[in-house]
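Okay, work.cif is below, mmCIF, C-alpha atoms and all ligand atoms:
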data_coords
#
loop_
_atom_site.group_PDB
_atom_site.id
_atom_site.type_symbol
_atom_site.label_atom_id
_atom_site.label_comp_id
_atom_site.auth_asym_id
_atom_site.auth_seq_id
_atom_site.Cartn_x
_atom_site.Cartn_y
_atom_site.Cartn_z
ATOM 1 C CA MET A 1 -18.229 -5.116 -24.329
ATOM 2 C CA LEU A 2 -19.101 -3.073 -21.258
ATOM 3 C CA VAL A 3 -19.994 -5.347 -18.357
ATOM 4 C CA THR A 4 -22.809 -4.179 -16.102
ATOM 5 C CA VAL A 5 -23.983 -5.894 -12.961
ATOM 6 C CA GLN A 6 -25.553 -2.781 -11.510
ATOM 7 C CA GLY A 7 -27.708 -3.311 -8.491
ATOM 8 C CA ILE A 8 -26.391 -6.765 -7.582
ATOM 9 C CA PHE A 9 -24.355 -5.302 -4.756
ATOM 10 C CA GLY A 10 -25.270 -2.194 -2.890
ATOM 11 C CA VAL A 11 -24.311 -0.666 0.404
ATOM 12 C CA LEU A 12 -26.334 1.388 2.807
ATOM 13 C CA GLY A 13 -26.929 4.769 1.211
ATOM 14 C CA PHE A 14 -25.072 3.847 -1.959
ATOM 15 C CA LYS A 15 -26.838 1.697 -4.475
ATOM 16 C CA GLY A 16 -24.724 2.087 -7.619
ATOM 17 C CA MET A 17 -21.671 0.288 -8.910
ATOM 18 C CA ILE A 18 -18.297 1.260 -7.423
ATOM 19 C CA LEU A 19 -16.306 0.252 -10.500
ATOM 20 C CA ASN A 20 -17.283 2.241 -13.587
ATOM 21 C CA GLY A 21 -16.559 1.317 -17.199
ATOM 22 C CA TRP A 22 -14.803 -1.995 -16.550
ATOM 23 C CA THR A 23 -14.613 -3.930 -19.841
ATOM 24 C CA ASP A 24 -13.496 -7.367 -20.995
ATOM 25 C CA GLU A 25 -10.233 -5.732 -22.038
ATOM 26 C CA HIS A 26 -9.622 -4.708 -18.416
ATOM 27 C CA THR A 27 -10.272 -8.293 -17.317
ATOM 28 C CA ALA A 28 -7.714 -9.547 -19.858
ATOM 29 C CA ARG A 29 -5.103 -7.073 -18.577
ATOM 30 C CA PHE A 30 -5.897 -7.395 -14.853
ATOM 31 C CA GLN A 31 -2.796 -8.383 -12.777
ATOM 32 C CA LYS A 32 -0.681 -8.441 -15.975
ATOM 33 C CA ASP A 33 -0.584 -4.811 -17.005
ATOM 34 C CA MET A 34 -0.873 -1.316 -15.501
ATOM 35 C CA PHE A 35 -4.060 0.672 -16.062
ATOM 36 C CA LYS A 36 -6.563 3.086 -14.522
ATOM 37 C CA VAL A 37 -10.337 2.660 -14.114
ATOM 38 C CA LYS A 38 -12.957 5.044 -12.731
ATOM 39 C CA HIS A 39 -14.691 4.308 -9.419
ATOM 40 C CA SER A 40 -17.386 5.887 -7.240
ATOM 41 C CA LEU A 41 -15.942 5.677 -3.712
ATOM 42 C CA ASN A 42 -16.420 9.448 -3.457
ATOM 43 C CA GLU A 43 -20.182 8.952 -3.589
ATOM 44 C CA THR A 44 -20.326 6.699 -0.520
ATOM 45 C CA GLY A 45 -19.916 9.742 1.768
ATOM 46 C CA LEU A 46 -17.235 7.885 3.757
ATOM 47 C CA PHE A 47 -14.283 9.898 2.449
ATOM 48 C CA THR A 48 -15.304 13.512 3.091
ATOM 49 C CA ASP A 49 -13.142 15.518 5.523
ATOM 50 C CA ASP A 50 -15.875 15.309 8.189
ATOM 51 C CA ALA A 51 -16.263 11.534 7.779
ATOM 52 C CA LEU A 52 -12.489 11.037 7.914
ATOM 53 C CA ALA A 53 -12.168 13.252 11.027
ATOM 54 C CA ASP A 54 -14.800 11.078 12.759
ATOM 55 C CA LEU A 55 -13.009 7.958 11.567
ATOM 56 C CA LEU A 56 -9.671 9.221 12.953
ATOM 57 C CA ASP A 57 -11.342 9.812 16.333
ATOM 58 C CA LYS A 58 -12.462 6.189 16.605
ATOM 59 C CA HIS A 59 -9.691 4.345 14.728
ATOM 60 C CA PRO A 60 -7.401 2.359 17.097
ATOM 61 C CA LYS A 61 -4.180 4.317 17.638
ATOM 62 C CA ASP A 62 -2.020 1.212 17.301
ATOM 63 C CA GLN A 63 -3.378 0.911 13.740
ATOM 64 C CA LEU A 64 -2.610 4.521 12.835
ATOM 65 C CA ASP A 65 0.741 5.669 11.445
ATOM 66 C CA VAL A 66 1.355 9.402 11.280
ATOM 67 C CA CYS A 67 4.628 10.263 9.596
ATOM 68 C CA ALA A 68 6.615 13.331 8.632
ATOM 69 C CA ARG A 69 9.655 13.578 6.426
ATOM 70 C CA ASP A 70 13.022 13.592 8.087
ATOM 71 C CA ASP A 71 15.625 15.948 6.626
ATOM 72 C CA HIS A 72 18.132 13.137 6.580
ATOM 73 C CA PRO A 73 21.334 14.010 4.668
ATOM 74 C CA VAL A 74 21.711 10.570 3.030
ATOM 75 C CA PHE A 75 18.309 8.887 2.990
ATOM 76 C CA GLU A 76 16.158 11.491 1.291
ATOM 77 C CA PHE A 77 12.883 9.817 2.202
ATOM 78 C CA LYS A 78 13.515 8.758 5.789
ATOM 79 C CA PHE A 79 10.333 9.094 7.877
ATOM 80 C CA ARG A 80 9.715 10.230 11.435
ATOM 81 C CA THR A 81 6.803 8.800 13.415
ATOM 82 C CA GLY A 82 4.359 10.939 15.362
ATOM 83 C CA ASP A 83 2.365 10.418 18.559
ATOM 84 C CA VAL A 84 -1.145 11.794 17.981
ATOM 85 C CA ARG A 85 -2.979 9.866 20.664
ATOM 86 C CA ASP A 86 -4.415 13.066 22.142
ATOM 87 C CA VAL A 87 -4.946 14.965 18.873
ATOM 88 C CA ASP A 88 -8.517 15.037 17.498
ATOM 89 C CA GLY A 89 -9.474 14.003 13.980
ATOM 90 C CA LYS A 90 -10.361 17.507 12.781
ATOM 91 C CA THR A 91 -6.883 18.810 13.700
ATOM 92 C CA LEU A 92 -5.245 15.845 11.949
ATOM 93 C CA ILE A 93 -7.215 16.569 8.757
ATOM 94 C CA GLN A 94 -6.168 20.246 8.966
ATOM 95 C CA ALA A 95 -2.540 19.119 9.417
ATOM 96 C CA ALA A 96 -2.763 16.919 6.312
ATOM 97 C CA LYS A 97 -4.309 19.738 4.272
ATOM 98 C CA ASN A 98 -2.134 22.624 5.434
ATOM 99 C CA GLY A 99 0.891 21.027 7.076
ATOM 100 C CA SER A 100 3.306 18.305 6.058
ATOM 101 C CA ILE A 101 2.270 14.848 7.255
ATOM 102 C CA TRP A 102 1.229 11.454 5.895
ATOM 103 C CA MET A 103 -1.299 9.189 7.633
ATOM 104 C CA ASN A 104 -2.047 5.525 7.125
ATOM 105 C CA LEU A 105 -5.169 4.195 8.843
ATOM 106 C CA ARG A 106 -4.126 0.575 8.670
ATOM 107 C CA GLN A 107 -6.925 -1.977 8.122
ATOM 108 C CA ALA A 108 -9.518 0.840 8.332
ATOM 109 C CA MET A 109 -11.553 -0.813 5.574
ATOM 110 C CA ASN A 110 -11.736 -4.043 7.626
ATOM 111 C CA ILE A 111 -12.067 -2.709 11.190
ATOM 112 C CA HIS A 112 -15.081 -0.396 10.748
ATOM 113 C CA PRO A 113 -18.326 -2.084 9.582
ATOM 114 C CA GLU A 114 -19.499 0.747 7.272
ATOM 115 C CA TYR A 115 -16.116 0.722 5.468
ATOM 116 C CA MET A 116 -16.031 -3.096 5.436
ATOM 117 C CA THR A 117 -19.384 -3.081 3.599
ATOM 118 C CA VAL A 118 -17.825 -0.913 0.903
ATOM 119 C CA LEU A 119 -14.679 -3.060 0.736
ATOM 120 C CA ASN A 120 -16.866 -6.128 0.241
ATOM 121 C CA GLN A 121 -18.683 -4.377 -2.584
ATOM 122 C CA MET A 122 -15.405 -3.249 -4.227
ATOM 123 C CA TYR A 123 -14.027 -6.773 -4.272
ATOM 124 C CA GLY A 124 -17.396 -8.392 -4.928
ATOM 125 C CA GLU A 125 -17.657 -6.411 -8.150
ATOM 126 C CA LEU A 126 -14.049 -7.179 -9.043
ATOM 127 C CA SER A 127 -14.661 -10.879 -8.502
ATOM 128 C CA GLN A 128 -17.842 -10.793 -10.635
ATOM 129 C CA LEU A 129 -16.236 -8.787 -13.411
ATOM 130 C CA THR A 130 -13.013 -10.790 -13.643
ATOM 131 C CA GLY A 131 -14.541 -14.198 -12.915
ATOM 132 C CA GLN A 132 -11.935 -14.771 -10.194
ATOM 133 C CA LYS A 133 -12.878 -16.378 -6.897
ATOM 134 C CA PRO A 134 -13.662 -13.952 -4.034
ATOM 135 C CA PHE A 135 -10.666 -12.018 -2.790
ATOM 136 C CA ASN A 136 -9.786 -11.842 0.889
ATOM 137 C CA ALA A 137 -8.680 -8.226 0.796
ATOM 138 C CA ARG A 138 -7.284 -5.949 3.474
ATOM 139 C CA GLY A 139 -7.569 -2.195 3.062
ATOM 140 C CA GLY A 140 -6.132 0.937 4.621
ATOM 141 C CA ILE A 141 -6.836 4.618 4.068
ATOM 142 C CA LEU A 142 -4.043 7.061 3.202
ATOM 143 C CA ILE A 143 -4.422 10.774 3.941
ATOM 144 C CA SER A 144 -1.495 12.838 2.672
ATOM 145 C CA SER A 145 -0.232 16.411 2.585
ATOM 146 C CA PRO A 146 0.702 17.897 -0.793
ATOM 147 C CA THR A 147 4.401 17.553 0.162
ATOM 148 C CA ALA A 148 4.228 13.845 1.070
ATOM 149 C CA LYS A 149 6.040 11.229 -1.013
ATOM 150 C CA VAL A 150 6.084 7.455 -0.803
ATOM 151 C CA PRO A 151 9.624 6.204 -1.507
ATOM 152 C CA PHE A 152 10.570 3.648 -4.163
ATOM 153 C CA HIS A 153 9.376 0.204 -3.019
ATOM 154 C CA PHE A 154 7.496 -2.922 -4.037
ATOM 155 C CA ASP A 155 4.586 -4.794 -2.464
ATOM 156 C CA ALA A 156 4.840 -8.538 -1.862
ATOM 157 C CA THR A 157 1.100 -9.079 -2.421
ATOM 158 C CA GLU A 158 -1.321 -7.924 -5.136
ATOM 159 C CA THR A 159 -2.071 -4.260 -4.458
ATOM 160 C CA ILE A 160 -4.664 -1.841 -5.832
ATOM 161 C CA LEU A 161 -4.659 1.905 -5.259
ATOM 162 C CA TRP A 162 -8.182 3.347 -5.172
ATOM 163 C CA HIS A 163 -7.446 7.026 -5.342
ATOM 164 C CA VAL A 164 -10.402 9.013 -3.995
ATOM 165 C CA ARG A 165 -9.565 12.728 -3.809
ATOM 166 C CA GLY A 166 -6.777 15.033 -4.993
ATOM 167 C CA HIS A 167 -3.942 14.715 -7.508
ATOM 168 C CA LYS A 168 -1.476 11.875 -7.056
ATOM 169 C CA ARG A 169 1.409 11.014 -9.372
ATOM 170 C CA MET A 170 2.543 7.423 -9.543
ATOM 171 C CA TYR A 171 5.755 6.132 -11.137
ATOM 172 C CA LEU A 172 5.894 2.424 -12.021
ATOM 173 C CA TYR A 173 9.123 0.634 -12.980
ATOM 174 C CA PRO A 174 9.918 -2.671 -14.715
ATOM 175 C CA GLU A 175 9.892 -5.746 -12.491
ATOM 176 C CA THR A 176 13.468 -6.736 -13.393
ATOM 177 C CA GLU A 177 16.633 -7.529 -11.432
ATOM 178 C CA GLU A 178 17.886 -4.006 -12.150
ATOM 179 C CA PHE A 179 14.950 -2.381 -10.331
ATOM 180 C CA LEU A 180 13.935 -5.153 -7.941
ATOM 181 C CA PRO A 181 17.013 -7.236 -7.049
ATOM 182 C CA ASP A 182 16.303 -10.728 -5.632
ATOM 183 C CA VAL A 183 18.396 -9.832 -2.570
ATOM 184 C CA GLU A 184 16.049 -6.943 -1.743
ATOM 185 C CA TYR A 185 12.977 -9.110 -2.248
ATOM 186 C CA GLU A 186 14.385 -11.799 0.024
ATOM 187 C CA ALA A 187 15.177 -9.190 2.693
ATOM 188 C CA LEU A 188 11.508 -8.210 2.930
ATOM 189 C CA MET A 189 10.570 -11.822 3.707
ATOM 190 C CA PHE A 190 12.146 -11.585 7.171
ATOM 191 C CA ASN A 191 12.274 -7.837 7.670
ATOM 192 C CA GLN A 192 8.887 -6.514 8.709
ATOM 193 C CA THR A 193 9.158 -2.757 8.306
ATOM 194 C CA GLU A 194 11.930 -1.242 6.171
ATOM 195 C CA ASP A 195 10.871 -2.248 2.674
ATOM 196 C CA TYR A 196 12.288 0.549 0.555
ATOM 197 C CA LEU A 197 14.408 -0.216 -2.494
ATOM 198 C CA PRO A 198 17.627 1.494 -3.600
ATOM 199 C CA TYR A 199 16.711 4.367 -5.892
ATOM 200 C CA ASN A 200 18.397 6.978 -8.047
ATOM 201 C CA LYS A 201 16.915 9.611 -10.355
ATOM 202 C CA GLN A 202 18.253 7.961 -13.539
ATOM 203 C CA MET A 203 15.861 5.057 -12.978
ATOM 204 C CA ASP A 204 13.013 7.396 -13.921
ATOM 205 C CA GLU A 205 13.990 7.017 -17.607
ATOM 206 C CA ALA A 206 12.433 3.531 -17.454
ATOM 207 C CA ALA A 207 9.374 4.584 -15.452
ATOM 208 C CA THR A 208 5.783 4.868 -16.616
ATOM 209 C CA CYS A 209 4.066 7.849 -15.013
ATOM 210 C CA PHE A 210 0.341 8.018 -14.185
ATOM 211 C CA ASP A 211 -1.547 11.056 -12.926
ATOM 212 C CA LEU A 212 -4.446 10.022 -10.718
ATOM 213 C CA ARG A 213 -7.377 12.363 -10.113
ATOM 214 C CA ASP A 214 -10.586 12.056 -8.087
ATOM 215 C CA GLY A 215 -12.188 8.611 -8.420
ATOM 216 C CA GLU A 216 -9.510 6.691 -10.336
ATOM 217 C CA MET A 217 -8.194 3.297 -9.291
ATOM 218 C CA MET A 218 -4.860 1.980 -10.476
ATOM 219 C CA THR A 219 -3.699 -1.598 -10.813
ATOM 220 C CA TRP A 220 -0.345 -3.041 -11.920
ATOM 221 C CA PRO A 221 1.459 -6.400 -12.248
ATOM 222 C CA LEU A 222 2.443 -8.215 -9.060
ATOM 223 C CA ASN A 223 5.601 -6.750 -7.438
ATOM 224 C CA ALA A 224 6.121 -3.943 -9.989
ATOM 225 C CA PRO A 225 8.268 -1.411 -8.069
ATOM 226 C CA HIS A 226 6.791 2.068 -7.721
ATOM 227 C CA ARG A 227 6.894 5.397 -5.917
ATOM 228 C CA VAL A 228 4.263 8.061 -5.360
ATOM 229 C CA GLU A 229 4.222 11.855 -5.181
ATOM 230 C CA ASN A 230 1.238 13.733 -3.794
ATOM 231 C CA MET A 231 0.678 16.845 -5.889
ATOM 232 C CA SER A 232 -2.122 18.079 -3.610
ATOM 233 C CA TYR A 233 -3.928 17.040 -0.420
ATOM 234 C CA CYS A 234 -4.866 13.415 -1.186
ATOM 235 C CA VAL A 235 -7.171 10.728 0.148
ATOM 236 C CA SER A 236 -6.773 7.153 -1.146
ATOM 237 C CA VAL A 237 -7.699 3.621 -0.250
ATOM 238 C CA THR A 238 -4.987 1.014 -0.662
ATOM 239 C CA THR A 239 -5.989 -2.649 -0.729
ATOM 240 C CA GLU A 240 -3.963 -5.839 -0.867
ATOM 241 C CA TYR A 241 -4.712 -9.522 -1.197
ATOM 242 C CA SER A 242 -2.737 -12.716 -1.624
ATOM 243 C CA THR A 243 -3.053 -14.978 -4.638
ATOM 244 C CA ARG A 244 -1.681 -18.455 -5.264
ATOM 245 C CA GLU A 245 1.053 -16.809 -7.357
ATOM 246 C CA SER A 246 2.099 -14.292 -4.682
ATOM 247 C CA SER A 247 2.019 -16.913 -1.878
ATOM 248 C CA LEU A 248 4.154 -19.294 -3.930
ATOM 249 C CA LYS A 249 6.695 -16.605 -4.756
ATOM 250 C CA ASN A 250 6.943 -15.333 -1.170
ATOM 251 C CA ALA A 251 7.538 -18.825 0.212
ATOM 252 C CA ALA A 252 10.155 -19.554 -2.482
ATOM 253 C CA MET A 253 11.882 -16.231 -1.793
ATOM 254 C CA TYR A 254 12.107 -17.154 1.895
ATOM 255 C CA ALA A 255 13.843 -20.403 0.880
ATOM 256 C CA ASN A 256 16.183 -18.429 -1.392
ATOM 257 C CA ALA A 257 16.997 -16.057 1.473
ATOM 258 C CA VAL A 258 18.007 -19.018 3.661
ATOM 259 C CA LEU A 259 20.088 -20.571 0.856
ATOM 260 C CA ARG A 260 21.875 -17.267 0.264
ATOM 261 C CA GLN A 261 22.456 -16.288 3.881
ATOM 262 C CA ARG A 262 23.121 -19.654 5.492
ATOM 263 C CA TYR A 263 24.728 -21.609 2.645
ATOM 264 C CA GLY A 264 26.389 -18.938 0.501
ATOM 265 C CA MET A 265 24.409 -19.914 -2.596
ATOM 266 C CA GLU A 266 23.314 -17.492 -5.293
ATOM 267 C CA PRO A 267 19.703 -18.407 -6.183
ATOM 268 C CA ASP A 268 18.025 -16.559 -9.043
ATOM 269 C CA TRP A 269 14.224 -16.321 -9.072
ATOM 270 C CA ARG A 270 13.726 -15.197 -12.648
ATOM 271 C CA SER A 271 15.779 -17.936 -14.351
ATOM 272 C CA ALA A 272 14.409 -20.777 -12.174
ATOM 273 C CA SER A 273 12.106 -23.353 -13.787
ATOM 274 C CA PHE A 274 8.507 -23.710 -12.535
ATOM 275 C CA PRO A 275 9.207 -27.103 -10.856
ATOM 276 C CA GLU A 276 12.170 -25.506 -9.038
ATOM 277 C CA LYS A 277 9.956 -22.633 -7.896
ATOM 278 C CA LEU A 278 7.344 -25.102 -6.616
ATOM 279 C CA LEU A 279 9.979 -27.094 -4.756
ATOM 280 C CA LYS A 280 11.461 -23.935 -3.234
ATOM 281 C CA ALA A 281 7.984 -22.769 -2.169
ATOM 282 C CA GLY A 282 7.408 -26.057 -0.314
ATOM 283 C CA LEU A 283 10.809 -25.755 1.326
ATOM 284 C CA GLY A 284 10.219 -22.083 2.165
ATOM 285 C CA LYS A 285 6.928 -22.844 3.930
ATOM 286 C CA VAL A 286 8.658 -25.343 6.211
ATOM 287 C CA LEU A 287 11.669 -23.112 6.858
ATOM 288 C CA ARG A 288 9.402 -20.149 7.652
ATOM 289 C CA LYS A 289 7.403 -22.224 10.123
ATOM 290 C CA VAL A 290 10.596 -23.252 11.869
ATOM 291 C CA GLY A 291 11.746 -19.610 11.770
ATOM 292 C CA VAL A 292 15.203 -20.312 10.355
ATOM 293 C CA LEU A 293 15.866 -16.626 9.790
ATOM 294 C CA ASP A 294 15.160 -14.279 12.669
ATOM 295 C CA ASP A 295 12.802 -11.441 11.848
ATOM 296 C CA ILE A 296 14.631 -8.155 11.990
ATOM 297 C CA GLN A 297 12.393 -5.768 13.888
ATOM 298 C CA VAL A 298 13.337 -2.202 13.080
ATOM 299 C CA GLN A 299 12.723 -0.094 16.159
ATOM 300 C CA ASP A 300 10.164 2.673 15.643
ATOM 301 C CA TRP A 301 10.976 5.934 17.457
ATOM 302 C CA VAL A 302 8.351 8.590 18.038
ATOM 303 C CA SER A 303 9.707 12.120 17.764
ATOM 304 C CA PHE A 304 6.887 14.601 17.105
ATOM 305 C CA THR A 305 3.257 15.398 17.710
ATOM 306 C CA VAL A 306 0.738 17.282 15.580
ATOM 307 C CA ASP A 307 0.090 20.824 16.829
ATOM 308 C CA GLU A 308 -1.822 23.457 14.861
ATOM 309 C CA THR A 309 0.320 26.267 16.326
ATOM 310 C CA ALA A 310 3.625 24.701 15.139
ATOM 311 C CA PRO A 311 5.233 25.196 11.689
ATOM 312 C CA ASP A 312 3.806 22.584 9.268
ATOM 313 C CA PHE A 313 1.735 21.336 12.271
ATOM 314 C CA ILE A 314 4.797 19.435 13.521
ATOM 315 C CA ARG A 315 6.063 19.952 17.083
ATOM 316 C CA ASP A 316 9.166 18.029 18.171
ATOM 317 C CA ILE A 317 8.913 15.995 21.370
ATOM 318 C CA THR A 318 11.538 14.096 23.350
ATOM 319 C CA PRO A 319 11.952 10.900 21.311
ATOM 320 C CA PHE A 320 10.745 7.603 22.793
ATOM 321 C CA ARG A 321 10.264 4.067 21.505
ATOM 322 C CA ARG A 322 6.820 3.477 20.069
ATOM 323 C CA GLY A 323 4.816 1.295 22.415
ATOM 324 C CA PHE A 324 1.338 1.809 20.978
HETATM 325 FE FE FE A 401 3.005 0.225 -2.763
#

Mind turning the file's structure into structure tokens?
Amino acid sequence: MLVTVQGIFGVLGFKGMILNGWTDEHTARFQKDMFKVKHSLNETGLFTDDALADLLDKHPKDQLDVCARDDHPVFEFKFRTGDVRDVDGKTLIQAAKNGSIWMNLRQAMNIHPEYMTVLNQMYGELSQLTGQKPFNARGGILISSPTAKVPFHFDATETILWHVRGHKRMYLYPETEEFLPDVEYEALMFNQTEDYLPYNKQMDEAATCFDLRDGEMMTWPLNAPHRVENMSYCVSVTTEYSTRESSLKNAAMYANAVLRQRYGMEPDWRSASFPEKLLKAGLGKVLRKVGVLDDIQVQDWVSFTVDETAPDFIRDITPFRRGF
């Protein structure tokens, strides 16, 4: 049965539904399986090049990451960070289209009221359609060059990719110890930035590949590892939200990290019973509050700026520690 609640929500200048063709089958598979659904974010007018250039001009620079690929001999996907504090939005959009950069406007869907209205509609519809209680979602906007790739990683909260424009290819992998080792999961619980997983090409034999075109959103089971290739200039919205399940697991994984690192134990998430997981989650919450494990802050160095006269729009600058 096709569910329609058209007209219940509605944002300024956009009165239709954002999610299109969501059925009871999608509700049954939501958060358990991987699938695509059509959406209408393109019709809000907030994701055109002109709108995004204006957004870049007003978005706080400490919430904007501009990255370029580093030709690192060992870590294929190492990123460099750029300083674009005095580069205007139009030039940044040109750099994404014709150069080789990747931009993440962190929390853009929450910071700017017109985008927040849309985010509320996206999750309002999702809540209505799935019958789940309202989600407290955070959302960023990704603007990527055709050469940009997102390395193999997992997300510790429920994540949805609302692809808006362009051709994006997404590879999803099984959520097993082989692809997502407990040790790597635990590391993310006290390491704030470097969250990439070990990867080799042979892993692709177990991957499921999805091609995303204009107006397709993609959802997958909690923590399923994935990587992304941009096949063209791409604009996407990425949203995340915590659930009882993800909060419980993250707290338990913090406890497991302490047990492994401080007491030499070898905890195993997947074989643990539910009562053990609950107990570990309670323990993890306390340990995290006390701060038993020190957060490892990976230092971010800035080494380029965006310049339309430079090759790929990237001009090297004397590296300095990011302080913005
Ligand atoms: Fe992700």

Nearby residues, ligand FE 401 (chain A), 12 Å, all atoms listed in the file, as a PyMOL selection string: chain A and resi 140+142+149-162+170-173+195-197+218-229+237-240

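Computed from the coordinates, the CA of Phe313 (chain A) to CA of Gly99 (chain A) distance equals 5.3 Å.
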
Around all the atoms of region 301-317 of chain A listed in the file, with 5 Å of room on each side, what axis-aligned box do you get, giving centre and edge lengths in Å to one decimal, as AutoDock Vina command-line options?
--center_x 4.6 --center_y 16.1 --center_z 15.3 --size_x 22.8 --size_y 30.3 --size_z 22.1

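The neighbours of region 102-104 of chain A here are the residues that come within 8 Å of it, using only C-alpha atoms and leaving out any residue fewer than 3 positions away in the same chain; they are Leu64, Asp65, Val66, Cys67, Ala68, Ala96, Gly140, Ile141, Leu142, Ile143, Ser144, Ser145 and Ala148 of chain A.
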
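Across the model, the gap from CA of His26 (chain A) to CA of Gln132 (chain A) is 13.2 Å.
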
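Between CA of Arg262 (chain A) and CA of Phe274 (chain A) the interatomic distance comes to 23.6 Å.
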
Could you state which residues are captured by the PyMOL selection byres (((chain A and resi 315) around 10) and not hetatm) in this file, as a list in words? Gly82, Ser303, Phe304, Thr305, Val306, Asp307, Glu308, Thr309, Ala310, Pro311, Asp312, Phe313, Ile314, Asp316 and Ile317 of chain A
